[in-house]
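*Asks:* Supplied in structure tokens, the structure appears directly below.
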Amino acid sequence: MHLTGLDFFFWAVSFLENLGLLFVLWYRRLARSFPLFTALAMLCIIRAVVMYFVLNHGTRQSYFVTYWSLAVVDTILELGIVYEIASRVFRPVGVWARDVRGSFLWMVGLSVIVALGLSRLASPPARTWAQSFVTKGTLFAAALISELFVLMMALSISARLPWRTHVAKIAQGLGAYSLVSLLIETGHSYFGVGGEVRTFVFLSRIRIAAYITCLAYWTVMLWRKEQPSREMTEEMRERLFTLQRRVEYDLQDLRSRKKL
Amino acid sequence: MTTHNLYFLSAIGIFVGVLLSIAGYYYSRRRRSPQVSWEELLQRLTWIDRNNIAQVALDLVDEGGQPKGVHDAAGLEPAQLWKLVGGLKGLEVMETNSEVLIDLAFYLQQWYPEALVIAERLRLDARELKWHVARLKGAAQTGNLQISFPFYAQRAVVTYYLMTRRLLDLYQAVNFSMLEKLQDAL
């Protein structure tokens with residue numbers, strides 16, 4: 001196995017952009033607010049180094065195992081980021097907006113069923129069961145993440161929940177990338193997977209190009225400062241707290257009446 | 001191309017189409033909303049006689065929203081209630097206004113995330129108000145409006161009245177400079 005000039009270019013740009021993104025997250029003190037997103041950037045850096053090492057010193061089998069193992073971790077982290085964004089949007093002060101919690105859970109359930117249905121329909125022409133399983137799994141994850149982002153946006157807008165700038169930018173980037181991934185995985189499921197399939201290589205390069213664009217977008221957008229929340233005075237906080245307690249009591253009363 | 005592949009590609013096509021349509025619709029809705037200023041939001045409120053609202057609501061609940069006892073309630077006559085509320089049209093105006101009240105809470109929530117609980121309560125109130133109005137619209141279609149109106153209309157008005165009180169309390173709590181204008185509008 002060897003890297004072509006274009007592959008090396010993609011590898012280097014992706015590596016450097018991930019480093020840049022990590023620097024921005026650290027410099028702007030965003031790593032604490034978005035730990036899973038930061039972890040994804042770190043994973044990409046580690047993956048770039050590990051894959052380069054395995055490519056030059058490992059076997060074809062070890063490359064396959066390492067590539068797909070890290071792809072699984074990557075997908076889990078992306079799903080984690082969906083949760084991270086949902087928790088920023090639906091519980092900005094540590095409390096879930098309870099009237100949307102039911103809709104959110106319903107939305108997750110529906111998304112899983114639709115994504116499962118799509119991946120079940122796929123029949124990728126693969127040489128091994130592992131390739132077939134991984135292709136279906138990646139298609140499932142891409143469909144699920146795309147659905148969750150779109151439905152989450154719809155739900156938050158319907159419930160009039162504000163998206164803070166940085167959260168919105170991370171969501172837009174990952175949502176767009178997931179949609180591109182979905183189309184690419186559709187291509188993989190149709191044309192087949194494996195380094196020897198030319199379409200697979202071509203589509204994989206498109207995916208990397210999309211990811212590189214996404215990384216550049218995140219780096220620029222997260223570098224920009226978002227509008228800060230206004231600080232409440234102690235008196236304001238006290239008055240709002242009293243009002244909240246009263247409303248919370250009303251809400252509990254309303255919920256218990258609904259349950260009856 | 002096999003039939004199976006055809007099904008698969010068609011399913012993906014429909015799936016992506018639906019996702020893009022939902023995303024496009026809500027994205028355009030979201031882009032429109034931040035451009036609306038506070039004054040524009042306020043102008044969206046349709047004028048309703050607050051004295052009438054208070055009279056109808058306080059017939060059933062006290063200032064804090066607690067239900068009154070049977071003996072404390074004045075017991076408005078259905079005809080009087082219809083006149084004070086403005087019939088079904090008046091309730092529809094309240095329904096539309098309730099959406100603006102949520103927008104006004106949302107406006108503040110953008111600056112003060114702590115206002116989340118109050119905004120949540122307003123959303124639930126608006127849902128309850130819609131529910132009452134929907135019952136009345138259904139009753140109007142089956143010719144039972146006169147029987148159903150006193151019960152549902154008064155509860156809808158109570159909900160709307162409490163929504164306005166909660167919004168004013170919220171604006172007062174954070175010392176928002178527009179409180180006076182809001183008080184006038186409500």
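Every chain in the structure tokens has a letter given in the order shown (A, B, ...), and although residue numbers restart at 1 in each chain, ligands are simply numbered from 1 in the order shown.
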Segment 153-166 of chain B: which residues within 6 Å, counting only C-alpha atoms, same-chain residues fewer than 5 positions away excluded, as a ChimeraX atom specification?

*Replies:* /B:57,129,132

*Asks:* Considering only C-alpha atoms, return as a list in words whatever protein or nucleic-acid residues lie within 9 Å of segment 194-207 of chain A, sequence-local ones (same chain, fewer than 3 positions apart) excluded.

*Replies:*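 Selected residues are Leu6, Asp7, Phe10, Ala126, Arg127, Gln131, Tyr177, Val180, Ser181, Ile184, Glu185, Gly187, His188, Phe191, Ala210, Tyr211 and Ile212 of chain A.
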
*Asks:* Got a sec: who's within 9 Å of Pro125 of chain A, counting only C-alpha atoms, leaving out chain neighbours fewer than 3 positions off, as a list in words?

*Replies:*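 Non-adjacent residues within range: Ser132, His188, Ser189, Tyr190, Phe191, Gly192 and Val193 of chain A.
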
*Asks:* Any idea what the distance is between atom CA of Ile12 of chain B and atom CA of Gly102 of chain A?

*Replies:*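 Here the two named atoms are 27.4 Å from each other.
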
*Asks:* Enumerate, in order of chain and increasing residue number, the residues of segment 65-145 of chain B with an atom no farther than 10 Å from segment 39-53 of chain B, each with its shortest atom pair and distance in Å to one decimal, counting only C-alpha atoms, as a tab-separated table.

*Replies:*
```
residue	atom	partner	partner_atom	distance
B:Leu81	CA	B:Asn52	CA	9.2
B:Lys83	CA	B:Asn52	CA	9.2
B:Leu84	CA	B:Asn52	CA	5.4
B:Val85	CA	B:Asn52	CA	7.0
B:Gly86	CA	B:Ile48	CA	9.3
B:Gly90	CA	B:Ile48	CA	8.0
B:Val93	CA	B:Thr46	CA	6.8
B:Met94	CA	B:Ile48	CA	8.0
B:Thr96	CA	B:Leu45	CA	8.1
B:Asn97	CA	B:Leu45	CA	5.5
B:Ser98	CA	B:Leu45	CA	8.8
B:Glu99	CA	B:Leu45	CA	9.2
B:Val100	CA	B:Leu45	CA	6.5
B:Leu101	CA	B:Leu45	CA	8.3
B:Asp103	CA	B:Leu41	CA	7.5
B:Leu104	CA	B:Leu41	CA	7.0
B:Tyr107	CA	B:Leu41	CA	9.2
```

*Asks:* Show me which bits of chain B are within 10 Å of chain A, counting only C-alpha atoms, as a ChimeraX atom specification.

*Replies:* /B:1,4-9,11-13,15-16,18-27,29-30,33-34,64-66,102-103,105-107,109-125,166,169-175

*Asks:* Kindly give the distance, in Å, that separates atom CA of Ala86 of chain A and atom CA of Arg32 of chain A, rounded to a single decimal.

*Replies:*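 A separation of 16.1 Å between them.
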
*Asks:* One decimal, in Å: what's the spacing between atom CA of Cys44 of chain A and atom CA of Thr165 of chain A?

*Replies:* 23.8 Å
